[in-house]
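Following: one structure in structure tokens, then a few remarks.
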Amino acid sequence: MNIDPKTTAVLVIDVLVTEGDDTLYNPSPEETRVVENSKRIVDAARAAGMPVVFCDDAHIPGVDQELELWGEHGIRGKAVPNPALAAGTGEHDFIIPKRRYSGFFGTDLDLLLRELGIRTVVAVGEDTNICVLHTLADAYFLGYGSIVAEDATRTFLCGTQEAGIEHFQKCYGSVIATTDEVVAALR
């Protein structure tokens, strides 16, 4: 696997901590694995001078359609990138708040990536079958290539991890890799 740091960005999708009553973002052993592997990829990307884009839920209570399905979660001002990832501290870090599953829908993510000359995204985060899937669908429709760090994603709301990964491969042509493989490609 080849990764060109000049044309690739890491998308960190909903690797969050929250305050208050949040129906979705609760710590778990699986989430710990996702955070640790995401951190390794973020650190390697920063060392390679690559952009790291945090695509984070920032829902408006009582307004956002998604809250009707999943309850109060990822509320603006109460959900922030997991502190282990030190979002915003890298020279090329960007934070994109989102109100829908996809990091592209209703945000300036596509504009940002195009202005940075990005052609490929490396995806990490949660939930594999919802926010990661919809973000990668839009990436595909907009012409971006994608790499998914399988062990830096997780499914906990619907479907299976295996089905999500298969969908990425078959429907979007995503390269499926491990965290070790992504980090090695960035050295």
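Chain labels A, B, ... are given in the sequence in which chains occur in the structure tokens; within each chain residues are numbered consecutively from 1, and ligands are likewise numbered from 1 in the order shown.
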Where does stretch 20-80 of chain A meet stretch 157-175 of chain A within 12 Å, residue by residue, with the nearest atom pair and distance in Å to one decimal for each, counting only C-alpha atoms, listed by chain and rising number, as a tab-separated table?
```
residue	atom	partner	partner_atom	distance
A:Thr23	CA	A:Leu157	CA	11.0
A:Leu24	CA	A:Leu157	CA	8.5
A:Tyr25	CA	A:Leu157	CA	10.8
A:Glu30	CA	A:Gln161	CA	11.9
A:Leu69	CA	A:Leu157	CA	11.2
A:Trp70	CA	A:Leu157	CA	9.2
```
All residues 10 Å or closer to A:Ile13, only C-alpha atoms, same chain fewer than 3 positions away omitted, as a PyMOL selection string: chain A and resi 10+16+38+53-57+81+96+98+101-103+123-128+131-132+135+153
Residues within 12 Å of stretch 105-118 of chain A, only C-alpha atoms, excluding chain neighbours under 6 positions, as a ChimeraX atom specification: /A:3-11,50-58,92-99,131,134-146
Residues from the last selection, N, CA and C atoms, saved as a compact mmCIF listing (two decimals), in the first residue's frame:
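Output file again07.txt is given in full below:
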```
# COMPACT_ATOMS: atom_id res chain seq x y z
N ILE A 3 0.94 5.41 0.28
CA ILE A 3 0.20 6.60 0.70
C ILE A 3 1.07 7.80 0.40
N ASP A 4 0.54 8.70 -0.43
CA ASP A 4 1.25 9.93 -0.74
C ASP A 4 0.80 11.00 0.26
N PRO A 5 1.69 11.40 1.18
CA PRO A 5 1.30 12.39 2.19
C PRO A 5 0.85 13.73 1.61
N LYS A 6 1.24 14.02 0.38
CA LYS A 6 0.87 15.30 -0.23
C LYS A 6 -0.56 15.31 -0.75
N THR A 7 -1.12 14.13 -1.02
CA THR A 7 -2.46 14.07 -1.59
C THR A 7 -3.43 13.23 -0.75
N THR A 8 -3.05 12.96 0.50
CA THR A 8 -3.87 12.13 1.37
C THR A 8 -4.12 12.84 2.69
N ALA A 9 -5.33 12.69 3.22
CA ALA A 9 -5.69 13.23 4.53
C ALA A 9 -6.31 12.13 5.37
N VAL A 10 -6.17 12.24 6.66
CA VAL A 10 -6.85 11.33 7.58
C VAL A 10 -8.15 11.98 8.01
N LEU A 11 -9.25 11.21 7.92
CA LEU A 11 -10.54 11.65 8.45
C LEU A 11 -10.81 10.89 9.74
N MET A 50 0.79 15.43 7.05
CA MET A 50 -0.52 15.28 6.40
C MET A 50 -1.62 16.00 7.17
N PRO A 51 -2.67 16.43 6.46
CA PRO A 51 -3.83 16.98 7.14
C PRO A 51 -4.57 15.89 7.92
N VAL A 52 -5.05 16.26 9.09
CA VAL A 52 -5.89 15.41 9.91
C VAL A 52 -7.19 16.18 10.13
N VAL A 53 -8.30 15.61 9.66
CA VAL A 53 -9.58 16.30 9.71
C VAL A 53 -10.51 15.54 10.65
N PHE A 54 -10.96 16.23 11.68
CA PHE A 54 -11.88 15.66 12.65
C PHE A 54 -13.30 16.02 12.23
N CYS A 55 -14.06 15.01 11.81
CA CYS A 55 -15.45 15.19 11.39
C CYS A 55 -16.32 14.75 12.57
N ASP A 56 -16.88 15.71 13.28
CA ASP A 56 -17.49 15.43 14.57
C ASP A 56 -18.96 15.82 14.64
N ASP A 57 -19.75 14.91 15.23
CA ASP A 57 -21.13 15.25 15.52
C ASP A 57 -21.18 16.54 16.31
N ALA A 58 -22.09 17.42 15.91
CA ALA A 58 -22.34 18.68 16.62
C ALA A 58 -23.83 18.99 16.44
N HIS A 92 -1.54 20.85 10.82
CA HIS A 92 -2.50 20.67 9.72
C HIS A 92 -3.77 19.98 10.21
N ASP A 93 -4.22 20.31 11.41
CA ASP A 93 -5.47 19.78 11.96
C ASP A 93 -6.63 20.69 11.59
N PHE A 94 -7.75 20.07 11.31
CA PHE A 94 -8.97 20.81 11.01
C PHE A 94 -10.12 20.11 11.72
N ILE A 95 -11.08 20.89 12.21
CA ILE A 95 -12.25 20.32 12.86
C ILE A 95 -13.48 20.75 12.06
N ILE A 96 -14.23 19.75 11.60
CA ILE A 96 -15.43 19.99 10.79
C ILE A 96 -16.64 19.50 11.59
N PRO A 97 -17.45 20.39 12.15
CA PRO A 97 -18.67 19.95 12.83
C PRO A 97 -19.69 19.46 11.80
N LYS A 98 -20.42 18.40 12.16
CA LYS A 98 -21.42 17.86 11.24
C LYS A 98 -22.72 17.60 11.97
N ARG A 99 -23.83 17.73 11.24
CA ARG A 99 -25.15 17.51 11.82
C ARG A 99 -25.86 16.31 11.21
N CYS A 131 -21.85 6.55 10.27
CA CYS A 131 -21.12 7.77 9.93
C CYS A 131 -19.90 7.52 9.04
N HIS A 134 -21.39 6.53 5.50
CA HIS A 134 -21.96 7.64 4.73
C HIS A 134 -20.90 8.67 4.34
N THR A 135 -19.90 8.87 5.17
CA THR A 135 -18.81 9.76 4.80
C THR A 135 -18.04 9.18 3.62
N LEU A 136 -17.77 7.87 3.64
CA LEU A 136 -17.04 7.25 2.53
C LEU A 136 -17.89 7.16 1.27
N ALA A 137 -19.19 7.02 1.42
CA ALA A 137 -20.07 7.05 0.24
C ALA A 137 -19.94 8.40 -0.46
N ASP A 138 -20.03 9.47 0.30
CA ASP A 138 -19.90 10.80 -0.30
C ASP A 138 -18.50 11.02 -0.86
N ALA A 139 -17.48 10.51 -0.16
CA ALA A 139 -16.11 10.63 -0.68
C ALA A 139 -16.03 9.95 -2.05
N TYR A 140 -16.59 8.78 -2.16
CA TYR A 140 -16.59 8.04 -3.43
C TYR A 140 -17.34 8.82 -4.51
N PHE A 141 -18.53 9.31 -4.18
CA PHE A 141 -19.33 10.05 -5.16
C PHE A 141 -18.64 11.34 -5.61
N LEU A 142 -17.79 11.90 -4.75
CA LEU A 142 -17.06 13.13 -5.08
C LEU A 142 -15.70 12.86 -5.73
N GLY A 143 -15.36 11.57 -5.90
CA GLY A 143 -14.15 11.22 -6.63
C GLY A 143 -12.91 10.96 -5.79
N TYR A 144 -13.05 10.84 -4.48
CA TYR A 144 -11.90 10.55 -3.63
C TYR A 144 -11.68 9.04 -3.52
N GLY A 145 -10.43 8.63 -3.47
CA GLY A 145 -10.09 7.26 -3.12
C GLY A 145 -10.14 7.14 -1.60
N SER A 146 -10.22 5.90 -1.11
CA SER A 146 -10.29 5.75 0.35
C SER A 146 -9.53 4.53 0.83
```
For A:Pro29, the nearest of the candidates A:Phe156, A:Ile75, A:Ala44, A:Glu150, counting only C-alpha atoms: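 Using only C-alpha atoms, A:Pro29 sits closest to A:Phe156.
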Atom CA of A:Glu19 to atom CA of A:Glu72, straight-line distance in Å: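 Going from atom CA of A:Glu72 over to atom CA of A:Glu19, I get 11.4 Å.
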In chain A, DSSP helix (DSSP H, G or I) residues written as JSON, numbers by chain: {"A": [29, 30, 31, 32, 33, 34, 35, 36, 37, 38, 39, 40, 41, 42, 43, 44, 45, 46, 47, 66, 67, 68, 69, 70, 83, 84, 85, 109, 110, 111, 112, 113, 114, 115, 128, 129, 130, 131, 132, 133, 134, 135, 136, 137, 138, 139, 140, 141, 161, 162, 163, 164, 165, 166, 167, 168, 169, 170, 171, 172, 179, 180, 181, 182, 183, 184, 185]}
Please, could you write that set of residues out with C-alpha atoms as a PDB file, in the first residue's frame?
```pdb
ATOM      1  CA  PRO A  29     -13.237  -1.729  25.585  1.00  0.00           C
ATOM      2  CA  GLU A  30     -13.933  -1.680  21.833  1.00  0.00           C
ATOM      3  CA  GLU A  31     -13.882   2.103  21.812  1.00  0.00           C
ATOM      4  CA  THR A  32     -10.567   2.081  23.670  1.00  0.00           C
ATOM      5  CA  ARG A  33      -9.082   0.043  20.791  1.00  0.00           C
ATOM      6  CA  VAL A  34     -10.472   2.510  18.233  1.00  0.00           C
ATOM      7  CA  VAL A  35      -9.045   5.486  20.145  1.00  0.00           C
ATOM      8  CA  GLU A  36      -5.610   3.877  20.546  1.00  0.00           C
ATOM      9  CA  ASN A  37      -5.377   2.862  16.875  1.00  0.00           C
ATOM     10  CA  SER A  38      -6.750   6.201  15.685  1.00  0.00           C
ATOM     11  CA  LYS A  39      -4.114   7.974  17.797  1.00  0.00           C
ATOM     12  CA  ARG A  40      -1.331   5.920  16.197  1.00  0.00           C
ATOM     13  CA  ILE A  41      -2.570   6.867  12.726  1.00  0.00           C
ATOM     14  CA  VAL A  42      -3.095  10.537  13.650  1.00  0.00           C
ATOM     15  CA  ASP A  43       0.411  10.724  15.147  1.00  0.00           C
ATOM     16  CA  ALA A  44       1.965   9.107  12.042  1.00  0.00           C
ATOM     17  CA  ALA A  45       0.005  11.436   9.737  1.00  0.00           C
ATOM     18  CA  ARG A  46       1.115  14.510  11.678  1.00  0.00           C
ATOM     19  CA  ALA A  47       4.741  13.313  11.530  1.00  0.00           C
ATOM     20  CA  GLU A  66     -30.869  12.233  13.434  1.00  0.00           C
ATOM     21  CA  LEU A  67     -31.752  12.754  17.101  1.00  0.00           C
ATOM     22  CA  GLU A  68     -35.249  11.383  16.434  1.00  0.00           C
ATOM     23  CA  LEU A  69     -33.702   8.018  15.516  1.00  0.00           C
ATOM     24  CA  TRP A  70     -30.836   7.741  17.993  1.00  0.00           C
ATOM     25  CA  PRO A  83      -8.571  14.235  24.171  1.00  0.00           C
ATOM     26  CA  ALA A  84      -6.139  11.383  23.431  1.00  0.00           C
ATOM     27  CA  LEU A  85      -6.131  12.593  19.808  1.00  0.00           C
ATOM     28  CA  LEU A 109     -15.201  19.207   3.982  1.00  0.00           C
ATOM     29  CA  ASP A 110     -15.098  18.779   0.197  1.00  0.00           C
ATOM     30  CA  LEU A 111     -13.959  22.387  -0.312  1.00  0.00           C
ATOM     31  CA  LEU A 112     -11.252  21.964   2.333  1.00  0.00           C
ATOM     32  CA  LEU A 113      -9.931  18.725   0.826  1.00  0.00           C
ATOM     33  CA  ARG A 114      -9.908  20.156  -2.700  1.00  0.00           C
ATOM     34  CA  GLU A 115      -8.076  23.298  -1.575  1.00  0.00           C
ATOM     35  CA  THR A 128     -18.563   1.789  10.743  1.00  0.00           C
ATOM     36  CA  ASN A 129     -22.029   1.221   9.258  1.00  0.00           C
ATOM     37  CA  ILE A 130     -23.375   4.713   9.772  1.00  0.00           C
ATOM     38  CA  CYS A 131     -21.121   7.773   9.927  1.00  0.00           C
ATOM     39  CA  VAL A 132     -18.010   6.148   8.444  1.00  0.00           C
ATOM     40  CA  LEU A 133     -20.095   4.482   5.720  1.00  0.00           C
ATOM     41  CA  HIS A 134     -21.958   7.643   4.735  1.00  0.00           C
ATOM     42  CA  THR A 135     -18.807   9.757   4.798  1.00  0.00           C
ATOM     43  CA  LEU A 136     -17.036   7.252   2.528  1.00  0.00           C
ATOM     44  CA  ALA A 137     -20.072   7.053   0.238  1.00  0.00           C
ATOM     45  CA  ASP A 138     -19.900  10.800  -0.304  1.00  0.00           C
ATOM     46  CA  ALA A 139     -16.111  10.630  -0.683  1.00  0.00           C
ATOM     47  CA  TYR A 140     -16.589   8.041  -3.434  1.00  0.00           C
ATOM     48  CA  PHE A 141     -19.330  10.053  -5.158  1.00  0.00           C
ATOM     49  CA  GLN A 161     -18.217  -4.767  11.220  1.00  0.00           C
ATOM     50  CA  GLU A 162     -17.567  -7.381   8.529  1.00  0.00           C
ATOM     51  CA  ALA A 163     -20.522  -6.234   6.399  1.00  0.00           C
ATOM     52  CA  GLY A 164     -19.421  -2.605   6.618  1.00  0.00           C
ATOM     53  CA  ILE A 165     -15.877  -3.458   5.564  1.00  0.00           C
ATOM     54  CA  GLU A 166     -17.183  -5.590   2.683  1.00  0.00           C
ATOM     55  CA  HIS A 167     -19.391  -2.685   1.577  1.00  0.00           C
ATOM     56  CA  PHE A 168     -16.405  -0.309   1.513  1.00  0.00           C
ATOM     57  CA  GLN A 169     -14.386  -2.733  -0.614  1.00  0.00           C
ATOM     58  CA  LYS A 170     -17.098  -3.715  -3.066  1.00  0.00           C
ATOM     59  CA  CYS A 171     -19.038  -0.473  -3.422  1.00  0.00           C
ATOM     60  CA  TYR A 172     -16.339   2.190  -3.024  1.00  0.00           C
ATOM     61  CA  THR A 179      -3.383   0.324  11.725  1.00  0.00           C
ATOM     62  CA  ASP A 180       0.092  -1.243  11.499  1.00  0.00           C
ATOM     63  CA  GLU A 181      -0.091  -1.184   7.690  1.00  0.00           C
ATOM     64  CA  VAL A 182      -1.227   2.448   7.548  1.00  0.00           C
ATOM     65  CA  VAL A 183       1.448   3.570  10.006  1.00  0.00           C
ATOM     66  CA  ALA A 184       4.151   1.631   8.091  1.00  0.00           C
ATOM     67  CA  ALA A 185       3.040   3.277   4.835  1.00  0.00           C
TER      68      ALA A 185
END
```
Point-to-point distance from atom CA of A:Thr120 to atom CA of A:Ile147, Å rounded to tenths: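 So the answer is 7.5 Å.
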Atom pair atom CA of A:Phe104 / atom CA of A:Gly74: separation (Å):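 Interatomic distance, atom CA of A:Phe104 to atom CA of A:Gly74: 16.8 Å.
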Residue list (strand (DSSP E or B), DSSP) for chain A, as an NGL selection string: :A and (8-13 or 16-18 or 52-57 or 59 or 75 or 79-81 or 93-98 or 120-126 or 145-154 or 175-177)
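The smallest atom-to-atom distance between A:Asp22 and any of A:Ala79, A:Ala48, A:Gly62, A:Met1, using only C-alpha atoms, is found for A:Ala79.
Distance check against A:Ala87 using only C-alpha atoms: of A:Val148, A:Asn26, A:Val12, A:Ala177, the minimum falls on A:Val12.
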Which of A:Asn2, A:Ser28, A:Thr18, A:Arg76 sits closest to A:Val63 [using only C-alpha atoms]: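 Ranking A:Asn2, A:Ser28, A:Thr18, A:Arg76 by distance to A:Val63, first place goes to A:Arg76.
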